[in-house]
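query.txt, holding compact mmCIF, C-alpha atoms and all ligand atoms:
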```txt
# COMPACT_ATOMS: atom_id res chain seq x y z
CA MET A 1 -0.68 -44.33 -5.55
CA LEU A 2 0.22 -41.73 -8.14
CA ARG A 3 1.10 -38.40 -6.56
CA ILE A 4 -0.58 -35.81 -8.76
CA GLY A 5 -2.19 -32.41 -8.53
CA TYR A 6 -2.33 -29.08 -10.27
CA HIS A 7 -1.42 -25.46 -9.81
CA VAL A 8 -4.13 -24.23 -7.42
CA SER A 9 -5.20 -20.59 -7.18
CA GLY A 10 -3.75 -20.09 -3.71
CA SER A 11 -5.63 -16.89 -2.97
CA GLY A 12 -7.61 -18.32 -0.03
CA GLY A 13 -4.71 -19.64 2.04
CA TYR A 14 -3.31 -23.09 2.79
CA VAL A 15 -6.44 -24.95 3.90
CA ALA A 16 -8.26 -23.62 0.83
CA MET A 17 -5.46 -24.98 -1.36
CA GLY A 18 -5.75 -28.36 0.34
CA ARG A 19 -9.50 -28.38 -0.30
CA GLU A 20 -9.06 -27.33 -3.93
CA THR A 21 -6.72 -30.30 -4.28
CA THR A 22 -8.91 -32.98 -2.70
CA GLU A 23 -11.92 -31.71 -4.66
CA VAL A 24 -10.28 -32.77 -7.92
CA GLY A 25 -8.82 -36.02 -6.58
CA GLY A 26 -5.31 -34.66 -6.13
CA ASN A 27 -2.78 -35.47 -3.39
CA THR A 28 -0.19 -32.78 -4.07
CA PHE A 29 -0.33 -29.27 -5.55
CA ALA A 30 1.61 -26.27 -6.74
CA PHE A 31 0.96 -22.64 -5.86
CA PHE A 32 2.52 -19.22 -6.31
CA THR A 33 4.11 -17.98 -3.09
CA ARG A 34 2.85 -14.49 -3.98
CA ASN A 35 1.27 -12.64 -6.88
CA PRO A 36 2.84 -14.14 -10.03
CA ARG A 37 4.15 -10.69 -10.91
CA GLY A 38 6.16 -10.61 -7.68
CA GLY A 39 4.28 -8.21 -5.41
CA GLN A 40 4.07 -8.22 -1.64
CA ALA A 41 3.14 -11.60 -0.14
CA LYS A 42 0.27 -11.85 2.33
CA PRO A 43 1.52 -12.36 5.90
CA ILE A 44 1.51 -16.06 6.94
CA ASP A 45 -1.56 -16.97 9.01
CA ARG A 46 -0.24 -19.46 11.57
CA ASP A 47 -3.70 -20.85 12.38
CA ASP A 48 -4.33 -21.49 8.70
CA VAL A 49 -0.93 -23.19 8.31
CA ASN A 50 -1.50 -25.37 11.37
CA ALA A 51 -4.97 -26.36 10.18
CA PHE A 52 -3.48 -27.14 6.78
CA ILE A 53 -0.82 -29.43 8.25
CA GLY A 54 -3.60 -31.45 9.89
CA TYR A 55 -5.72 -31.41 6.74
CA ALA A 56 -2.77 -32.54 4.59
CA ALA A 57 -1.97 -35.46 6.92
CA GLU A 58 -5.64 -36.54 6.91
CA HIS A 59 -5.89 -36.40 3.11
CA ASP A 60 -2.41 -37.70 2.29
CA ILE A 61 -1.31 -34.45 0.65
CA ASN A 62 2.44 -33.99 0.52
CA ASN A 63 5.42 -33.01 -1.62
CA ILE A 64 3.85 -29.66 -2.45
CA VAL A 65 5.77 -27.66 -5.02
CA ALA A 66 5.66 -23.90 -4.46
CA HIS A 67 6.48 -21.81 -7.53
CA SER A 68 8.33 -18.52 -7.33
CA ALA A 69 6.88 -15.51 -9.13
CA TYR A 70 7.65 -16.21 -12.79
CA THR A 71 8.76 -12.67 -13.49
CA LEU A 72 11.77 -12.91 -11.16
CA ASN A 73 14.99 -12.98 -13.14
CA PRO A 74 18.04 -14.15 -11.16
CA CYS A 75 20.34 -13.42 -14.13
CA SER A 76 19.03 -10.15 -15.53
CA ALA A 77 21.64 -7.73 -16.83
CA ASP A 78 19.93 -5.15 -14.58
CA GLU A 79 21.41 -5.43 -11.10
CA LYS A 80 18.27 -3.97 -9.48
CA LEU A 81 16.22 -6.85 -10.92
CA ARG A 82 18.74 -9.41 -9.68
CA VAL A 83 18.62 -7.91 -6.18
CA PHE A 84 14.81 -7.95 -6.32
CA ALA A 85 14.85 -11.64 -7.29
CA ARG A 86 17.28 -12.42 -4.47
CA ASN A 87 15.28 -10.57 -1.79
CA THR A 88 11.99 -12.07 -2.94
CA MET A 89 13.34 -15.62 -2.98
CA ALA A 90 14.99 -15.19 0.43
CA ASP A 91 11.64 -14.06 1.85
CA ASP A 92 9.81 -16.95 0.12
CA LEU A 93 12.21 -19.45 1.70
CA VAL A 94 11.52 -18.02 5.17
CA ARG A 95 7.79 -18.50 4.47
CA MET A 96 8.37 -22.05 3.23
CA GLU A 97 9.74 -23.00 6.66
CA TYR A 98 6.17 -22.88 7.99
CA THR A 99 5.48 -25.99 5.87
CA PRO A 100 8.79 -27.83 6.20
CA GLY A 101 9.87 -30.66 3.92
CA ASN A 102 8.46 -29.35 0.66
CA TYR A 103 9.78 -27.86 -2.59
CA TYR A 104 10.32 -24.35 -3.91
CA ASN A 105 10.60 -24.27 -7.68
CA PHE A 106 11.96 -21.37 -9.74
CA HIS A 107 12.88 -20.48 -13.31
CA PRO A 108 16.66 -20.08 -13.57
CA GLY A 109 16.11 -16.94 -15.62
CA SER A 110 17.13 -15.24 -18.85
CA HIS A 111 20.63 -13.85 -19.23
CA THR A 112 19.32 -10.99 -21.38
CA GLY A 113 22.37 -10.86 -23.62
CA GLN A 114 25.07 -11.30 -20.98
CA GLY A 115 25.86 -14.79 -22.27
CA ILE A 116 25.27 -18.21 -20.78
CA ASP A 117 28.39 -18.24 -18.58
CA VAL A 118 27.50 -14.98 -16.82
CA GLY A 119 23.90 -16.15 -16.47
CA ILE A 120 24.94 -19.42 -14.84
CA ALA A 121 27.29 -17.64 -12.42
CA GLN A 122 24.59 -15.13 -11.41
CA ILE A 123 22.02 -17.86 -10.79
CA ALA A 124 24.51 -19.71 -8.59
CA ASP A 125 25.32 -16.44 -6.76
CA LEU A 126 21.64 -15.98 -5.96
CA LEU A 127 21.29 -19.55 -4.68
CA ASN A 128 24.38 -19.13 -2.53
CA ALA A 129 22.87 -15.94 -1.07
CA VAL A 130 19.39 -17.34 -0.26
CA ILE A 131 19.91 -20.99 0.71
CA ARG A 132 20.62 -21.54 4.40
CA PRO A 133 22.29 -24.71 5.65
CA ASP A 134 19.53 -25.30 8.24
CA GLN A 135 16.51 -24.83 5.94
CA HIS A 136 13.90 -27.60 5.43
CA THR A 137 12.96 -26.80 1.86
CA THR A 138 14.59 -28.10 -1.31
CA VAL A 139 14.99 -25.42 -3.98
CA LEU A 140 14.27 -26.75 -7.48
CA LEU A 141 15.70 -25.42 -10.72
CA GLU A 142 13.08 -25.85 -13.46
CA THR A 143 14.16 -27.17 -16.86
CA MET A 144 13.27 -24.54 -19.48
CA SER A 145 12.36 -24.50 -23.18
CA GLY A 146 15.20 -22.20 -24.24
CA LYS A 147 12.93 -19.36 -25.33
CA GLY A 148 14.94 -16.16 -25.95
CA SER A 149 17.97 -16.11 -23.64
CA GLU A 150 16.57 -18.56 -21.08
CA VAL A 151 19.13 -20.51 -19.06
CA GLY A 152 18.41 -24.13 -18.15
CA SER A 153 17.17 -25.68 -21.39
CA ARG A 154 20.11 -28.09 -21.42
CA PHE A 155 20.78 -30.50 -18.57
CA GLU A 156 24.45 -29.44 -18.73
CA GLU A 157 23.52 -25.86 -17.80
CA ILE A 158 21.58 -27.05 -14.74
CA ARG A 159 24.56 -29.22 -13.77
CA ARG A 160 26.93 -26.26 -14.01
CA ILE A 161 24.69 -24.17 -11.73
CA ILE A 162 24.44 -26.93 -9.10
CA ASP A 163 28.23 -27.40 -9.21
CA MET A 164 28.68 -23.76 -8.16
CA VAL A 165 26.29 -23.92 -5.17
CA GLY A 166 27.67 -24.50 -1.69
CA CYS A 167 24.62 -25.93 0.12
CA ASP A 168 23.82 -28.20 -2.80
CA ASP A 169 22.05 -30.77 -0.62
CA HIS A 170 19.15 -28.26 -0.63
CA VAL A 171 19.09 -28.08 -4.44
CA GLY A 172 17.15 -30.27 -6.86
CA VAL A 173 15.46 -30.16 -10.26
CA CYS A 174 11.87 -29.91 -11.45
CA LEU A 175 11.46 -31.44 -14.92
CA ASP A 176 8.79 -29.80 -17.10
CA THR A 177 7.75 -32.18 -19.90
CA CYS A 178 6.56 -29.38 -22.21
CA HIS A 179 9.74 -27.40 -21.65
CA ILE A 180 12.21 -30.24 -22.31
CA TRP A 181 10.25 -31.27 -25.43
CA ASP A 182 10.33 -27.68 -26.68
CA ALA A 183 14.04 -27.62 -25.78
CA GLY A 184 14.63 -30.61 -28.07
CA TYR A 185 14.63 -33.70 -25.83
CA ASP A 186 12.74 -36.64 -27.38
CA VAL A 187 10.06 -37.07 -24.74
CA VAL A 188 7.80 -38.91 -27.22
CA GLY A 189 10.13 -41.25 -29.08
CA ASP A 190 12.70 -42.15 -26.45
CA PHE A 191 11.97 -40.94 -22.92
CA ASP A 192 14.21 -43.74 -21.59
CA SER A 193 17.23 -42.11 -23.18
CA VAL A 194 16.19 -38.69 -21.91
CA MET A 195 16.18 -40.09 -18.38
CA THR A 196 19.50 -41.86 -18.94
CA GLU A 197 20.98 -38.56 -20.07
CA PHE A 198 19.46 -36.73 -17.10
CA ASP A 199 21.03 -39.30 -14.80
CA LYS A 200 24.42 -39.06 -16.50
CA VAL A 201 24.52 -35.24 -16.58
CA ILE A 202 22.66 -34.19 -13.41
CA GLY A 203 21.91 -37.37 -11.45
CA LEU A 204 18.44 -38.83 -10.89
CA ASN A 205 18.83 -38.23 -7.15
CA ARG A 206 18.35 -34.50 -7.94
CA LEU A 207 15.01 -35.01 -9.66
CA LYS A 208 12.28 -34.07 -7.17
CA ALA A 209 9.19 -33.00 -9.14
CA ILE A 210 7.60 -33.18 -12.59
CA HIS A 211 5.51 -30.54 -14.35
CA LEU A 212 3.26 -32.76 -16.47
CA ASN A 213 2.22 -30.78 -19.54
CA ASP A 214 1.49 -31.41 -23.19
CA SER A 215 2.95 -28.95 -25.70
CA MET A 216 1.28 -26.92 -28.44
CA ASN A 217 4.47 -26.95 -30.50
CA ASP A 218 6.89 -29.32 -32.19
CA ARG A 219 9.98 -30.72 -30.57
CA ALA A 220 12.83 -28.16 -30.34
CA SER A 221 10.48 -25.25 -31.07
CA HIS A 222 11.75 -23.30 -28.02
CA LYS A 223 8.25 -21.85 -27.62
CA ASP A 224 6.92 -22.87 -24.15
CA ARG A 225 3.18 -23.07 -24.79
CA HIS A 226 1.45 -25.70 -22.69
CA ALA A 227 -1.42 -27.83 -24.03
CA LYS A 228 -4.02 -29.98 -22.30
CA ILE A 229 -3.06 -33.63 -21.75
CA GLY A 230 -3.54 -35.48 -25.04
CA GLU A 231 -4.26 -32.34 -27.06
CA GLY A 232 -0.69 -31.39 -27.93
CA ARG A 233 2.34 -32.73 -29.79
CA ILE A 234 3.50 -34.91 -26.88
CA GLY A 235 0.20 -36.76 -26.59
CA TYR A 236 -1.54 -38.93 -24.04
CA ASP A 237 0.43 -42.14 -24.68
CA ALA A 238 3.81 -40.52 -24.07
CA LEU A 239 2.56 -38.78 -20.91
CA ALA A 240 1.06 -42.07 -19.68
CA ARG A 241 4.47 -43.72 -20.16
CA ILE A 242 6.07 -40.87 -18.20
CA VAL A 243 3.87 -41.24 -15.09
CA ASN A 244 4.72 -44.95 -15.15
CA HIS A 245 8.46 -44.53 -15.69
CA ALA A 246 10.51 -46.28 -13.00
CA ALA A 247 12.93 -43.33 -12.70
CA LEU A 248 10.05 -41.06 -11.62
CA HIS A 249 8.39 -43.43 -9.19
CA GLY A 250 6.94 -41.57 -6.18
CA LEU A 251 7.64 -38.05 -7.46
CA PRO A 252 4.91 -35.37 -7.41
CA PHE A 253 3.39 -34.71 -10.86
CA ILE A 254 1.97 -31.21 -11.26
CA LEU A 255 -0.39 -30.32 -14.11
CA GLU A 256 0.15 -26.83 -15.56
CA THR A 257 -2.25 -27.33 -18.43
CA PRO A 258 -4.73 -24.68 -19.62
CA ASN A 259 -7.84 -25.94 -17.78
CA ASP A 260 -10.68 -25.05 -15.46
CA THR A 261 -11.37 -27.12 -12.32
CA ASP A 262 -13.36 -29.76 -14.24
CA GLY A 263 -10.54 -30.06 -16.75
CA TYR A 264 -8.02 -30.75 -13.98
CA ARG A 265 -10.34 -33.29 -12.36
CA LYS A 266 -10.60 -35.06 -15.72
CA GLU A 267 -6.84 -35.02 -16.34
CA ILE A 268 -6.07 -36.33 -12.84
CA GLU A 269 -8.58 -39.14 -13.48
CA MET A 270 -6.96 -39.87 -16.86
CA MET A 271 -3.49 -40.11 -15.37
CA ARG A 272 -4.65 -42.22 -12.43
CA ALA A 273 -6.30 -44.59 -14.93
CA ALA A 274 -3.01 -44.77 -16.84
CA TYR A 275 -0.99 -45.54 -13.71
CA ARG A 276 -0.21 -49.23 -13.20
CA ASN A 277 1.12 -49.60 -9.71
FE FE A 301 7.44 -22.88 -14.11
FE FE A 302 6.57 -25.66 -15.48
ZN ZN A 303 6.03 -23.31 -19.23
```
Could you spell out this file's structure in structure tokens?
Ligand code: FE
Ligand code: FE
Ligand code: ZN
Amino acid sequence: MLRIGYHVSGSGGYVAMGRETTEVGGNTFAFFTRNPRGGQAKPIDRDDVNAFIGYAAEHDINNIVAHSAYTLNPCSADEKLRVFARNTMADDLVRMEYTPGNYYNFHPGSHTGQGIDVGIAQIADLLNAVIRPDQHTTVLLETMSGKGSEVGSRFEEIRRIIDMVGCDDHVGVCLDTCHIWDAGYDVVGDFDSVMTEFDKVIGLNRLKAIHLNDSMNDRASHKDRHAKIGEGRIGYDALARIVNHAALHGLPFILETPNDTDGYRKEIEMMRAAYRN
């Protein structure tokens, strides 16, 4: 069974997120651990979490992919912003322990003119500060489109970050199809080679989750604007090949397409129809 879901609203707690997911035919989901702009997180409600763990088991929901606030910048030139990113992520990882065995995805960040080498070192510093050897969450670096001074649009950059992290058994990668297309990888014409390159540079064992998005822009545009499935430059056929690709078998696929609930239900149906296994 294809493991697929979308980025739920998350405002009503864990059980509400589970319900949102089953209502559209999903069996995994993504959510922001706090306000996307990085404010204070609501305290964890243990009863809600416990009820959710039961609900998830009943409805075969797993491999959930939490997303850090997208405004955090682990490699800002401003030290205050780097410290803020570090403290926020450390707190998020404590919260993630209430739902052990899942994923915490983050954007590596933008080096804001410091250069790629400094950016990579600062991202690794943050990971070394927040990852604990006994944690039960895998932290995922998201592949980026290379907009502005974004780090992580080349597989080599992700590899260099992982190489500098001590507890690297708690580190993986979330591949965003819109982002790697916008970064220049040929998702449409030769996804096989993209996966071969990922394996060679990073290692397929690191690949833990997929953000399944179409793109409004051409390959290598470095724009990062998501489109609905089949309505962008990647297209339905290429995305259908991706959910069926042997290298991605069993991974959670998260839709981050511009949709309302009905739109997500439709896209989950479309991808399930495309899935041949
Ligand atoms: Fe993201
Ligand atoms: Fe994404
Ligand atoms: Zn994006």
Practice problem: Measure the distance from atom CA of A:Glu97 to atom CA of A:Ile158 in Å and round it to one decimal. | Solution: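 A separation of 24.8 Å between them.
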Exercise. For ligand FE 301 (chain A), collect every residue having any atom at a distance of at most 9 Å from a ligand atom (counting only C-alpha atoms and all ligand atoms); output as a PyMOL selection string.
Key: chain A and resi 67-70+105-107+142-144+174+176+211+256
Quiz item: Given the choices A:Gly109, A:Pro74, A:Pro252, A:Gly5, which gets closest to A:Gln122 if the distance is worked out from only C-alpha atoms?
Solution: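 Of A:Gly109, A:Pro74, A:Pro252, A:Gly5, the one nearest A:Gln122 is A:Pro74, counting only C-alpha atoms.
Comparing A:Asp237, A:Asp45, A:Asp182, A:Asp192 by their smallest distance to A:Ser221, the closest is A:Asp182 (using all atoms listed in the file).
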Quiz item: Which of these residues is nearest to A:Val194, using only C-alpha atoms: A:Asp125, A:Glu58, A:Asn213, A:His245?
Solution: A:His245
Self-check item: Best match for closeness to A:Glu267 among A:Gly26, A:Gln114, A:Ser153, A:Leu126, counting only C-alpha atoms
Solution: A:Gly26
Find the nearest atom pair between each residue of chain A and ligand ZN 303 (chain A) for residues within 7 Å, count all atoms listed in the file, give distances in Å to one decimal, sort rows by chain and ascending number, and present the table as CSV.
```
residue,atom,partner,partner_atom,distance
A:Cys178,CA,A:ZN303,ZN,6.8
A:His179,CA,A:ZN303,ZN,6.0
A:Asp224,CA,A:ZN303,ZN,5.0
A:Arg225,CA,A:ZN303,ZN,6.3
A:His226,CA,A:ZN303,ZN,6.2
```
Please return, as a PDB file with C-alpha atoms, in the frame of the given file, all polymer residues that have at least one atom within 9 Å of the point (4.6, -38.1, -28.4); use all atoms listed in the file and the file's own coordinate frame.
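Saved to out.pdb:
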```
ATOM      1  CA  ASP A 186      12.740 -36.640 -27.380  1.00  0.00           C
ATOM      2  CA  VAL A 187      10.060 -37.070 -24.740  1.00  0.00           C
ATOM      3  CA  VAL A 188       7.800 -38.910 -27.220  1.00  0.00           C
ATOM      4  CA  GLY A 189      10.130 -41.250 -29.080  1.00  0.00           C
ATOM      5  CA  GLY A 232      -0.690 -31.390 -27.930  1.00  0.00           C
ATOM      6  CA  ARG A 233       2.340 -32.730 -29.790  1.00  0.00           C
ATOM      7  CA  ILE A 234       3.500 -34.910 -26.880  1.00  0.00           C
ATOM      8  CA  GLY A 235       0.200 -36.760 -26.590  1.00  0.00           C
ATOM      9  CA  TYR A 236      -1.540 -38.930 -24.040  1.00  0.00           C
ATOM     10  CA  ASP A 237       0.430 -42.140 -24.680  1.00  0.00           C
ATOM     11  CA  ALA A 238       3.810 -40.520 -24.070  1.00  0.00           C
ATOM     12  CA  LEU A 239       2.560 -38.780 -20.910  1.00  0.00           C
TER      13      LEU A 239
END
```
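Neighbouring residues of stretch 132-134 of chain A at 9 Å or closer, counting only C-alpha atoms and skipping chain neighbours under 4 positions away, are A:Asn128, A:Cys167, A:Asp169, A:His170.
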Self-check item: Residue nearest ligand FE 302 (chain A) among A:Ala16, A:Ile116, A:Ile61, A:Ala227 (counting all atoms listed in the file)
Solution: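 Result for the nearest residue to ligand FE 302 (chain A): A:Ala227.
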Self-check item: Nearest residue to A:Asn63 from the set A:Phe31, A:Phe155, A:Tyr103, A:Tyr98 (distances using all atoms listed in the file)
Solution: A:Tyr103
Quiz prompt | atom CA of A:Tyr275 to atom CA of A:Leu2, straight-line distance in Å | solution = 6.9 Å
Exercise. May I have the protein, DNA and RNA residues with any atom at most 6 Å from the point (12.1, -24.0, -27.1), counting only C-alpha atoms, written as a ChimeraX atom specification?
Key: /A:145-147,182-183,220-223
Exercise. Could you please determine the separation between atom CA of A:Lys266 and atom CA of A:Leu212 in Å, to one decimal place?
Key: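 The value is 14.1 Å.
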Exercise. List the neighbours of stretch 76-91 of chain A out to 6 Å using all atoms listed in the file; skip same-chain residues closer than 6 positions along the sequence, and give me the result as a VMD selection string.
Key: chain A and resid 111 to 112 126 130
Around stretch 214-233 of chain A, fit a box with edges along x, y and z, padding it by 8 Å on each side, then list its centre and edge lengths in Å to one decimal as JSON.
```
{"center_x": 4.3, "center_y": -28.7, "center_z": -27.0, "size_x": 33.1, "size_y": 29.6, "size_z": 26.4}
```
Residues at most 7 Å from A:Ile4, counting all atoms listed in the file, excluding those fewer than 3 positions away in the same chain, as a compact mmCIF listing (two decimals) with C-alpha atoms, keeping the file's coordinate frame?
```txt
# COMPACT_ATOMS: atom_id res chain seq x y z
CA GLY A 26 -5.31 -34.66 -6.13
CA ASN A 27 -2.78 -35.47 -3.39
CA THR A 28 -0.19 -32.78 -4.07
CA PRO A 252 4.91 -35.37 -7.41
CA PHE A 253 3.39 -34.71 -10.86
CA ILE A 254 1.97 -31.21 -11.26
CA ILE A 268 -6.07 -36.33 -12.84
```
